[in-house]
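Asks: The structure is given below, and queries will be raised subsequently.
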Protein chains: 2
Amino acid sequence: MKITQAHGGGGKLTADLISNIFARHFANEALDQMEDAAVLTLGTPRVALTTDSFVVTPLFFPGGDIGRLAVCGTVNDLLMRGATPRYLTAGFILEEGLDTHTLEDVVISMKKTADEARVSIVAGDTKVVEGHGGLYINTAGVGEMRCSQNISAGNAHPGDVVIISGDLGLHHAAILSARMGIENTIKSDAAPLGEMVGKLLEAGLPVHTLRDITRGGLGTVLYEIAQASGVHIAMDHTVPLTNDMVAGFCDLLGLDPLFMGNEGKMALVLPEDFAKEALALLDASCYASKPRIVARVRESASPLVTLGTRGGGTRIIEPMAGEGLPRIC
Amino acid sequence: MKITQAHGGGGKLTADLISNIFARHFANEALDQMEDAAVLTLGTPRVALTTDSFVVTPLFFPGGDIGRLAVCGTVNDLLMRGATPRYLTAGFILEEGLDTHTLEDVVISMKKTADEARVSIVAGDTKVVEGHGGLYINTAGVGEMRCSQNISAGNAHPGDVVIISGDLGLHHAAILSARMGIENTIKSDAAPLGEMVGKLLEAGLPVHTLRDITRGGLGTVLYEIAQASGVHIAMDHTVPLTNDMVAGFCDLLGLDPLFMGNEGKMALVLPEDFAKEALALLDASCYASKPRIVARVRESASPLVTLGTRGGGTRIIEPMAGEGLPRIC
């Protein structure tokens, strides 16, 4: 089988590649957790570790750039495990012909974002390959586990609600607009989620699951949570997933916000009794945009994600199968 | 300024790029150590963190492959700081058209090498880009600082000797032979150095500096140690740096083993009184090949590396200035 763009889309083919090749051969306790970050035993406190590569094109886009993404993506993966991000590494693969001013702009953006996310970039590496002036960045992140709470995709319970921190699809739409030369005011939501997560945990809310909604979109995230927790996640079709501008953009291009990538949005699962307090905390954050309940967790004999339809029917949500938008992050 | 292959060669242009762009903007205490791995404060025990990307072509070569390199390179960087490697992350950037069997062979090699080096790969990521079936790997590594010994490039002292663990240039020559279609029996030395480092430290030897001799070769390593420690490192021109086969290969192609890349060799700096014991310990390792003293550390008003010449003169050794061999690791 030959690798295609679809293998990098974050959907079913990516999942197949991971389970058939990487997870199969690398199998170990920490990796098998299959969470956004591995939790390690390394003395006290416990340490979380994660990695992500960034290949987004264009390198600069409305609302962000590859450097901002490279910091946010890894920081957010640590946060989603309940860890406080502390240290990042940065590995650069530069294509010949890249202008060093471009590189410097990316590096400055990384530094600024690292400050915003309160992490230090402590180790780096540079390699050069043939090409046309492009640039890839890998970041790995180390965080301190902040609490004994088990925040995990496998921890969603019947009676929980799923909250999203804001409008979906902005990063996806911004990248696509930049590539297609479509003029609009949509900006990527690329942002570190530490301030929001900090508020929720400091308030002592019983957070069951946190997931940043990246490649594959909310549909894929909910599918993964349903699988890991063995529950039915029932989406409410009356709740809009995004704002009017992105919704209009989606209508025009036949896109579904449910499967569009984001770089500064998260899904939060916690008992319904605490939803009001969580929504109020999120609403006060500059990184949120109209946080809302989008689904409820129910008991189920087998894992399932459903979406009620306007006609009164029910649609079963599968993870994104196609390729999504290539090189979105 | 445009990026060229020389910026990735590990020599002067790489150093300029690091100091002018990365170190300048990312500056912080841990990064500024400018060692092979950053040492972090994260509770007890102290933790070392490092990263490396691998872009070697061809993906498979006599003596190794990109997967073996990706594990060894990062593990060795941790070891060179006196840390015990514990956990790795692996970020894959795949080019479209890559055969999944090729990918699987690389993954299997990584797993085998990780077992050999006694580390676990605990987090991963995959991205896909356009291209011609190639593959890049980034690994980041976390290690536990094993001892209070300050093993550092800045710790070489007058009265120390520099020992190399074996013949130099094998990896460089193997890659070059594979690319040029030259038939010989030279194999890459790609190997994890943990067994050798473990023996030295368990014996309680007062190790001052450890450096793996990778891109830029021994010449660049010695230059960096001389700079960081403010000493004169005087090389002994009567000691051969490599075996007859590699020496013959070098003569043919006009190469100097002093600046050739390795992936399983290290330079060890310690007081001369302990040299004999260190050499005996190294000699008993399957990863060493005729370990030998190649230089002595002397006091100096300014940092300096010299090599005596056959005619009785002295040559000053500068770090590799050109591009070295592109995509050697």
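Ligands are numbered from 1 in the order shown, chains are lettered A, B, ... in the order of the structure tokens, and residues start at 1 in each chain.
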Please identify which residues in region 110-175 of chain A DSSP calls strand (DSSP E) from the backbone, and express them as a ChimeraX atom specification.
Replies: /A:120-129,135-145,160-164
Asks: Can I get the residues of region 91-160 of chain B within 12 Å of region 201-216 of chain A, each with the closest pair of atoms and their distance in Å to one decimal, using only C-alpha atoms, sorted chain first then ascending number, as CSV?
Replies:
residue,atom,partner,partner_atom,distance
B:Asp125,CA,A:Arg215,CA,11.9
B:Thr126,CA,A:Arg215,CA,11.5
B:Lys127,CA,A:Arg215,CA,10.6
Asks: Here is a test: counting only C-alpha atoms, which residue of B:Ala226, B:Leu79, B:Pro257, B:Leu94 is nearest to Gly134 (chain B)?
Replies: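 That would be B:Leu94, the residue with the smallest distance to Gly134 (chain B).
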Asks: Using only C-alpha atoms for the distances, tell me which of B:His7, B:Asp236, B:Ala83, B:Glu272 is nearest to Ser148 (chain B).
Replies: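 Looking only at the distances to Ser148 (chain B), the closest residue turns out to be B:Ala83.
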Asks: So which one's closest to Ile93 (chain A), A:Leu279, A:Ile151, A:Val128, A:Val107? Using only C-alpha atoms, please.
Replies: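 For Ile93 (chain A), the nearest of the given residues is A:Val128.
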Asks: For a quick check of understanding, using only C-alpha atoms, which of B:Phe249, B:Phe92, B:Tyr223, B:Phe274 has the smallest distance to Val129 (chain B)?
Replies: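 For Val129 (chain B), the nearest of the given residues is B:Phe92.
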Asks: Hey, which of A:Ala280, A:Ile186, A:Val162, A:Ala174 ends up closest to Ile225 (chain A)? Count only C-alpha atoms.
Replies: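 When distances to Ile225 (chain A) are compared using only C-alpha atoms, the smallest one comes from A:Val162.
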Asks: Taking into account only C-alpha atoms, which residue in the set B:Ala267, B:Ile66, B:Val75, B:Ala90 is nearest to chain A?
Replies: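 Of B:Ala267, B:Ile66, B:Val75, B:Ala90, the one nearest chain A, counting only C-alpha atoms, is B:Ala90.
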Asks: Fewer than 2 positions away in the same chain doesn't count, so skip those; otherwise give me all residues within 8 Å of region 237-242 of chain A, counting only C-alpha atoms, as number ranges by chain.
Replies: A: 166-169, 235, 244, 246-247, 257-258, 293-294, 307-310
Asks: The selected residues should be written to file as a CSV table (one decimal), in the first residue's frame (atoms: all heavy atoms).
Replies:
chain,number,residue,atom,x,y,z
A,166,GLY,N,-16.1,26.8,21.8
A,166,GLY,CA,-16.4,27.8,20.9
A,166,GLY,C,-16.7,27.4,19.5
A,166,GLY,O,-16.8,26.2,19.3
A,167,ASP,N,-16.9,28.3,18.6
A,167,ASP,CA,-17.3,28.0,17.2
A,167,ASP,C,-16.2,27.2,16.6
A,167,ASP,O,-15.0,27.4,16.7
A,167,ASP,CB,-17.4,29.4,16.5
A,167,ASP,CG,-18.5,30.2,17.0
A,167,ASP,OD1,-19.6,29.7,17.3
A,167,ASP,OD2,-18.3,31.5,17.1
A,168,LEU,N,-16.7,26.2,15.8
A,168,LEU,CA,-15.8,25.2,15.2
A,168,LEU,C,-15.5,25.6,13.7
A,168,LEU,O,-16.2,26.3,13.1
A,168,LEU,CB,-16.4,23.8,15.2
A,168,LEU,CG,-16.7,23.2,16.6
A,168,LEU,CD1,-17.2,21.8,16.5
A,168,LEU,CD2,-15.4,23.3,17.4
A,169,GLY,N,-14.3,25.1,13.2
A,169,GLY,CA,-14.0,25.2,11.8
A,169,GLY,C,-13.2,26.4,11.4
A,169,GLY,O,-12.8,26.6,10.2
A,235,MET,N,-25.6,13.8,20.1
A,235,MET,CA,-25.5,15.2,19.8
A,235,MET,C,-26.9,15.9,19.6
A,235,MET,O,-27.8,15.2,19.1
A,235,MET,CB,-24.7,15.4,18.5
A,235,MET,CG,-23.2,14.9,18.6
A,235,MET,SD,-22.3,15.4,17.1
A,235,MET,CE,-22.3,17.2,17.3
A,244,ASP,N,-22.1,32.3,12.0
A,244,ASP,CA,-22.8,32.5,10.7
A,244,ASP,C,-21.7,32.6,9.6
A,244,ASP,O,-22.0,32.1,8.5
A,244,ASP,CB,-23.6,33.8,10.7
A,244,ASP,CG,-24.9,33.6,11.6
A,244,ASP,OD1,-25.2,32.4,11.9
A,244,ASP,OD2,-25.5,34.6,11.9
A,246,VAL,N,-18.6,31.3,9.3
A,246,VAL,CA,-18.1,30.0,8.9
A,246,VAL,C,-19.2,29.1,8.3
A,246,VAL,O,-18.9,28.3,7.4
A,246,VAL,CB,-17.4,29.3,10.1
A,246,VAL,CG1,-16.9,27.9,9.8
A,246,VAL,CG2,-16.2,30.1,10.6
A,247,ALA,N,-20.4,29.2,8.9
A,247,ALA,CA,-21.5,28.4,8.4
A,247,ALA,C,-21.8,28.7,6.9
A,247,ALA,O,-22.0,27.8,6.1
A,247,ALA,CB,-22.7,28.6,9.2
A,257,PRO,N,-18.9,21.5,9.5
A,257,PRO,CA,-18.1,22.0,10.7
A,257,PRO,C,-17.8,20.8,11.7
A,257,PRO,O,-16.8,20.9,12.4
A,257,PRO,CB,-19.0,23.0,11.4
A,257,PRO,CG,-20.0,23.4,10.4
A,257,PRO,CD,-20.1,22.3,9.4
A,258,LEU,N,-18.6,19.8,11.6
A,258,LEU,CA,-18.4,18.7,12.5
A,258,LEU,C,-17.1,17.9,12.3
A,258,LEU,O,-16.6,17.3,13.1
A,258,LEU,CB,-19.6,17.7,12.3
A,258,LEU,CG,-19.7,16.5,13.2
A,258,LEU,CD1,-19.7,16.9,14.7
A,258,LEU,CD2,-20.9,15.7,12.9
A,293,ILE,N,-23.2,23.5,25.2
A,293,ILE,CA,-23.4,22.0,25.4
A,293,ILE,C,-23.8,21.5,24.0
A,293,ILE,O,-24.8,22.0,23.4
A,293,ILE,CB,-24.4,21.7,26.4
A,293,ILE,CG1,-24.0,22.1,27.8
A,293,ILE,CG2,-24.7,20.2,26.4
A,293,ILE,CD1,-25.1,22.0,28.9
A,294,VAL,N,-23.1,20.5,23.4
A,294,VAL,CA,-23.4,20.0,22.1
A,294,VAL,C,-23.9,18.6,22.1
A,294,VAL,O,-24.4,18.0,21.1
A,294,VAL,CB,-22.2,20.1,21.1
A,294,VAL,CG1,-21.9,21.6,20.8
A,294,VAL,CG2,-21.0,19.4,21.7
A,307,LEU,N,-26.5,11.9,15.9
A,307,LEU,CA,-26.9,13.2,15.7
A,307,LEU,C,-28.4,13.2,15.3
A,307,LEU,O,-28.7,12.6,14.3
A,307,LEU,CB,-26.1,13.9,14.7
A,307,LEU,CG,-26.5,15.3,14.3
A,307,LEU,CD1,-26.3,16.3,15.4
A,307,LEU,CD2,-25.6,15.8,13.1
A,308,GLY,N,-29.3,13.8,16.1
A,308,GLY,CA,-30.7,13.9,15.7
A,308,GLY,C,-30.8,14.7,14.5
A,308,GLY,O,-30.0,15.6,14.2
A,309,THR,N,-31.7,14.4,13.6
A,309,THR,CA,-31.9,15.2,12.4
A,309,THR,C,-33.2,16.0,12.5
A,309,THR,O,-34.0,15.7,13.3
A,309,THR,CB,-31.9,14.3,11.1
A,309,THR,OG1,-33.1,13.4,11.3
A,309,THR,CG2,-30.7,13.5,11.0
A,310,ARG,N,-33.2,17.0,11.6
A,310,ARG,CA,-34.4,17.9,11.7
A,310,ARG,C,-35.7,17.2,11.5
A,310,ARG,O,-36.7,17.5,12.0
A,310,ARG,CB,-34.2,19.1,10.6
A,310,ARG,CG,-33.6,20.3,11.2
A,310,ARG,CD,-33.3,21.3,10.1
A,310,ARG,NE,-31.9,21.2,9.7
A,310,ARG,CZ,-31.3,22.1,8.9
A,310,ARG,NH1,-32.0,23.0,8.3
A,310,ARG,NH2,-30.0,22.0,8.6
Asks: With only C-alpha atoms as the counted atoms, please give the residues lying no more than 10 Å from Thr4 (chain A), apart from itself and same-chain residues fewer than 6 positions off, as an MDAnalysis selection string.
Replies: (chainID A and resid 13 323 326) or (chainID B and resid 94:99 128:130 133)
Asks: Keeping all heavy atoms, export the residues of the selection given above as a short mmCIF file (atom, residue, chain, number, x, y, z; two decimals), in the first residue's frame.
Replies:
data_model
loop_
_atom_site.label_atom_id
_atom_site.label_comp_id
_atom_site.auth_asym_id
_atom_site.auth_seq_id
_atom_site.Cartn_x
_atom_site.Cartn_y
_atom_site.Cartn_z
N LEU A 13 -8.10 6.50 7.94
CA LEU A 13 -6.86 5.96 7.40
C LEU A 13 -5.68 6.26 8.32
O LEU A 13 -4.76 5.46 8.46
CB LEU A 13 -6.60 6.50 5.99
CG LEU A 13 -7.40 5.79 4.89
CD1 LEU A 13 -7.26 6.52 3.57
CD2 LEU A 13 -6.93 4.35 4.74
N GLU A 323 -9.79 12.29 3.35
CA GLU A 323 -8.48 12.82 3.68
C GLU A 323 -8.55 14.13 4.46
O GLU A 323 -7.55 14.59 4.96
CB GLU A 323 -7.65 13.02 2.42
CG GLU A 323 -8.19 14.05 1.44
CD GLU A 323 -7.26 14.18 0.25
OE1 GLU A 323 -7.20 13.23 -0.55
OE2 GLU A 323 -6.59 15.22 0.15
N PRO A 326 -5.55 18.44 3.36
CA PRO A 326 -4.15 18.09 3.52
C PRO A 326 -3.36 19.23 4.15
O PRO A 326 -3.65 20.41 3.90
CB PRO A 326 -3.66 17.84 2.09
CG PRO A 326 -4.89 17.65 1.28
CD PRO A 326 -5.98 18.41 1.96
N LEU B 94 5.69 11.65 6.51
CA LEU B 94 5.74 10.71 5.39
C LEU B 94 5.47 11.44 4.09
O LEU B 94 4.59 12.29 4.03
CB LEU B 94 4.67 9.62 5.58
CG LEU B 94 4.55 9.00 6.97
CD1 LEU B 94 3.41 7.98 7.00
CD2 LEU B 94 5.86 8.36 7.38
N GLU B 95 6.23 11.10 3.07
CA GLU B 95 5.93 11.63 1.73
C GLU B 95 4.95 10.71 1.03
O GLU B 95 5.01 9.48 1.17
CB GLU B 95 7.21 11.75 0.90
CG GLU B 95 8.09 12.91 1.35
CD GLU B 95 9.29 13.11 0.43
OE1 GLU B 95 9.49 12.30 -0.51
OE2 GLU B 95 10.03 14.07 0.64
N GLU B 96 4.03 11.30 0.29
CA GLU B 96 3.11 10.51 -0.51
C GLU B 96 3.90 9.52 -1.36
O GLU B 96 4.97 9.84 -1.86
CB GLU B 96 2.31 11.41 -1.46
CG GLU B 96 1.19 12.16 -0.79
CD GLU B 96 0.35 12.88 -1.83
OE1 GLU B 96 0.88 13.81 -2.46
OE2 GLU B 96 -0.81 12.53 -2.01
N GLY B 97 3.34 8.33 -1.52
CA GLY B 97 3.99 7.32 -2.35
C GLY B 97 4.89 6.40 -1.57
O GLY B 97 5.37 5.39 -2.11
N LEU B 98 5.13 6.70 -0.29
CA LEU B 98 5.93 5.79 0.55
C LEU B 98 5.19 4.47 0.66
O LEU B 98 3.98 4.44 0.89
CB LEU B 98 6.11 6.41 1.94
CG LEU B 98 6.83 5.53 2.98
CD1 LEU B 98 8.30 5.36 2.62
CD2 LEU B 98 6.71 6.12 4.38
N ASP B 99 5.92 3.38 0.51
CA ASP B 99 5.31 2.07 0.65
C ASP B 99 5.15 1.76 2.14
O ASP B 99 6.08 1.96 2.92
CB ASP B 99 6.17 1.02 -0.03
CG ASP B 99 5.41 -0.26 -0.27
OD1 ASP B 99 5.10 -0.96 0.73
OD2 ASP B 99 5.10 -0.56 -1.43
N VAL B 128 1.52 13.71 6.64
CA VAL B 128 1.84 13.34 5.26
C VAL B 128 2.02 14.60 4.43
O VAL B 128 1.24 15.55 4.56
CB VAL B 128 0.73 12.46 4.64
CG1 VAL B 128 1.05 12.13 3.19
CG2 VAL B 128 0.55 11.19 5.45
N VAL B 129 3.06 14.61 3.60
CA VAL B 129 3.30 15.73 2.70
C VAL B 129 3.49 15.20 1.28
O VAL B 129 3.66 14.00 1.08
CB VAL B 129 4.55 16.55 3.12
CG1 VAL B 129 4.35 17.17 4.49
CG2 VAL B 129 5.81 15.69 3.11
N GLU B 130 3.46 16.08 0.30
CA GLU B 130 3.74 15.69 -1.07
C GLU B 130 5.19 15.19 -1.14
O GLU B 130 5.98 15.44 -0.24
CB GLU B 130 3.58 16.88 -2.01
CG GLU B 130 2.21 17.53 -1.99
CD GLU B 130 2.01 18.46 -0.80
OE1 GLU B 130 2.98 18.75 -0.09
OE2 GLU B 130 0.86 18.88 -0.56
N GLY B 133 7.86 9.49 -1.88
CA GLY B 133 7.99 8.25 -1.11
C GLY B 133 9.05 8.30 -0.04
O GLY B 133 9.47 7.25 0.45
#
Asks: What's the 10 Å shell around Asn138 (chain A), counting only C-alpha atoms, without same-chain residues fewer than 5 positions away, as a list of chain:residue names?
Replies: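 What passes the distance filter is A:Thr51, A:Asp52, A:Ser53, A:Phe54, A:Val55, A:Gly67, A:Ala70, A:Val71, A:Thr74, A:Leu88, A:Thr89, A:Ala90, A:Gly91, A:Phe92, A:Ile93, A:Gly124, A:Asp125, B:Thr51, B:Asp52, B:Ser53, B:Ala90, B:Gly91, B:Phe92, B:Ile93, B:Asp125, B:Ile137, B:Asn138, B:Thr139, B:Ala140.
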Asks: Using the chain letters and numbers from this document, which residues of region 58-289 of chain B does DSSP assign to helix (DSSP H, G or I), as a PyMOL selection string?
Replies: chain B and resi 66-79+100-117+153-155+170-180+194-202+217-229+244-253+257-259+272-283
Asks: Limited to C-alpha atoms, could you put the picked residues into a file as a PDB file, in the first residue's frame?
Replies:
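See selection.pdb below for the written result:
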ATOM      1  CA  ILE B  66      16.706   5.817   9.414  1.00  0.00           C
ATOM      2  CA  GLY B  67      14.794   4.119  12.251  1.00  0.00           C
ATOM      3  CA  ARG B  68      17.930   2.876  13.986  1.00  0.00           C
ATOM      4  CA  LEU B  69      19.512   6.328  13.585  1.00  0.00           C
ATOM      5  CA  ALA B  70      16.412   8.043  15.001  1.00  0.00           C
ATOM      6  CA  VAL B  71      16.633   6.026  18.214  1.00  0.00           C
ATOM      7  CA  CYS B  72      20.429   6.054  18.569  1.00  0.00           C
ATOM      8  CA  GLY B  73      20.839   9.769  17.881  1.00  0.00           C
ATOM      9  CA  THR B  74      18.454  10.878  20.604  1.00  0.00           C
ATOM     10  CA  VAL B  75      19.446   8.215  23.121  1.00  0.00           C
ATOM     11  CA  ASN B  76      23.094   9.162  22.646  1.00  0.00           C
ATOM     12  CA  ASP B  77      22.396  12.867  23.179  1.00  0.00           C
ATOM     13  CA  LEU B  78      20.844  12.032  26.565  1.00  0.00           C
ATOM     14  CA  LEU B  79      23.751   9.773  27.492  1.00  0.00           C
ATOM     15  CA  THR B 100       3.749   1.022   3.951  1.00  0.00           C
ATOM     16  CA  HIS B 101       6.019  -2.037   4.003  1.00  0.00           C
ATOM     17  CA  THR B 102       9.009   0.294   3.964  1.00  0.00           C
ATOM     18  CA  LEU B 103       7.469   2.260   6.819  1.00  0.00           C
ATOM     19  CA  GLU B 104       6.850  -0.924   8.754  1.00  0.00           C
ATOM     20  CA  ASP B 105      10.446  -2.076   8.293  1.00  0.00           C
ATOM     21  CA  VAL B 106      11.618   1.273   9.685  1.00  0.00           C
ATOM     22  CA  VAL B 107       9.227   1.016  12.640  1.00  0.00           C
ATOM     23  CA  ILE B 108      10.388  -2.527  13.412  1.00  0.00           C
ATOM     24  CA  SER B 109      14.001  -1.369  13.335  1.00  0.00           C
ATOM     25  CA  MET B 110      13.143   1.486  15.729  1.00  0.00           C
ATOM     26  CA  LYS B 111      11.490  -0.917  18.145  1.00  0.00           C
ATOM     27  CA  LYS B 112      14.465  -3.302  18.009  1.00  0.00           C
ATOM     28  CA  THR B 113      16.912  -0.470  18.585  1.00  0.00           C
ATOM     29  CA  ALA B 114      14.769   0.967  21.405  1.00  0.00           C
ATOM     30  CA  ASP B 115      14.890  -2.434  23.124  1.00  0.00           C
ATOM     31  CA  GLU B 116      18.659  -2.569  22.621  1.00  0.00           C
ATOM     32  CA  ALA B 117      18.957   0.930  24.114  1.00  0.00           C
ATOM     33  CA  ALA B 153      31.428  20.262  27.109  1.00  0.00           C
ATOM     34  CA  GLY B 154      32.537  23.073  29.407  1.00  0.00           C
ATOM     35  CA  ASN B 155      34.206  20.735  31.880  1.00  0.00           C
ATOM     36  CA  LEU B 170      32.182   4.570   9.111  1.00  0.00           C
ATOM     37  CA  HIS B 171      28.659   6.010   8.963  1.00  0.00           C
ATOM     38  CA  HIS B 172      29.729   8.783   6.604  1.00  0.00           C
ATOM     39  CA  ALA B 173      31.559   6.340   4.319  1.00  0.00           C
ATOM     40  CA  ALA B 174      28.668   3.830   4.345  1.00  0.00           C
ATOM     41  CA  ILE B 175      26.110   6.490   3.337  1.00  0.00           C
ATOM     42  CA  LEU B 176      28.372   7.904   0.660  1.00  0.00           C
ATOM     43  CA  SER B 177      29.139   4.430  -0.725  1.00  0.00           C
ATOM     44  CA  ALA B 178      25.431   3.578  -0.888  1.00  0.00           C
ATOM     45  CA  ARG B 179      24.653   6.806  -2.748  1.00  0.00           C
ATOM     46  CA  MET B 180      27.536   6.530  -5.189  1.00  0.00           C
ATOM     47  CA  GLY B 194      24.438   3.365  26.803  1.00  0.00           C
ATOM     48  CA  GLU B 195      26.351   0.209  27.549  1.00  0.00           C
ATOM     49  CA  MET B 196      29.719   1.982  27.207  1.00  0.00           C
ATOM     50  CA  VAL B 197      28.662   5.068  29.168  1.00  0.00           C
ATOM     51  CA  GLY B 198      27.115   2.859  31.855  1.00  0.00           C
ATOM     52  CA  LYS B 199      30.367   0.968  32.371  1.00  0.00           C
ATOM     53  CA  LEU B 200      32.383   4.185  32.688  1.00  0.00           C
ATOM     54  CA  LEU B 201      30.032   5.799  35.199  1.00  0.00           C
ATOM     55  CA  GLU B 202      29.398   2.640  37.234  1.00  0.00           C
ATOM     56  CA  GLY B 217      33.025  14.957  12.977  1.00  0.00           C
ATOM     57  CA  LEU B 218      35.660  14.877  15.717  1.00  0.00           C
ATOM     58  CA  GLY B 219      37.188  18.149  14.509  1.00  0.00           C
ATOM     59  CA  THR B 220      33.965  20.035  15.219  1.00  0.00           C
ATOM     60  CA  VAL B 221      33.429  18.241  18.555  1.00  0.00           C
ATOM     61  CA  LEU B 222      36.932  19.125  19.767  1.00  0.00           C
ATOM     62  CA  TYR B 223      36.480  22.721  18.640  1.00  0.00           C
ATOM     63  CA  GLU B 224      33.237  22.977  20.626  1.00  0.00           C
ATOM     64  CA  ILE B 225      34.810  21.445  23.745  1.00  0.00           C
ATOM     65  CA  ALA B 226      37.836  23.781  23.494  1.00  0.00           C
ATOM     66  CA  GLN B 227      35.507  26.782  23.170  1.00  0.00           C
ATOM     67  CA  ALA B 228      33.198  25.745  26.003  1.00  0.00           C
ATOM     68  CA  SER B 229      36.056  24.856  28.382  1.00  0.00           C
ATOM     69  CA  ASP B 244      42.698   0.918   6.854  1.00  0.00           C
ATOM     70  CA  MET B 245      39.527   0.366   4.868  1.00  0.00           C
ATOM     71  CA  VAL B 246      37.977   3.742   5.694  1.00  0.00           C
ATOM     72  CA  ALA B 247      41.383   5.415   5.357  1.00  0.00           C
ATOM     73  CA  GLY B 248      41.672   3.977   1.844  1.00  0.00           C
ATOM     74  CA  PHE B 249      38.154   5.156   0.998  1.00  0.00           C
ATOM     75  CA  CYS B 250      39.062   8.649   2.277  1.00  0.00           C
ATOM     76  CA  ASP B 251      42.268   8.786   0.244  1.00  0.00           C
ATOM     77  CA  LEU B 252      40.311   7.871  -2.870  1.00  0.00           C
ATOM     78  CA  LEU B 253      37.684  10.597  -2.389  1.00  0.00           C
ATOM     79  CA  PRO B 257      38.074  11.246   8.932  1.00  0.00           C
ATOM     80  CA  LEU B 258      38.497  14.186  11.327  1.00  0.00           C
ATOM     81  CA  PHE B 259      35.376  15.803   9.838  1.00  0.00           C
ATOM     82  CA  GLU B 272      45.007  11.147  32.257  1.00  0.00           C
ATOM     83  CA  ASP B 273      45.425   9.070  35.431  1.00  0.00           C
ATOM     84  CA  PHE B 274      42.144   7.304  34.669  1.00  0.00           C
ATOM     85  CA  ALA B 275      42.763   6.801  30.945  1.00  0.00           C
ATOM     86  CA  LYS B 276      44.060   3.268  31.253  1.00  0.00           C
ATOM     87  CA  GLU B 277      41.027   2.073  33.197  1.00  0.00           C
ATOM     88  CA  ALA B 278      38.655   3.839  30.807  1.00  0.00           C
ATOM     89  CA  LEU B 279      40.333   2.301  27.771  1.00  0.00           C
ATOM     90  CA  ALA B 280      40.105  -1.177  29.298  1.00  0.00           C
ATOM     91  CA  LEU B 281      36.400  -0.751  30.036  1.00  0.00           C
ATOM     92  CA  LEU B 282      35.678   0.552  26.530  1.00  0.00           C
ATOM     93  CA  ASP B 283      37.750  -2.178  24.925  1.00  0.00           C
TER      94      ASP B 283
END
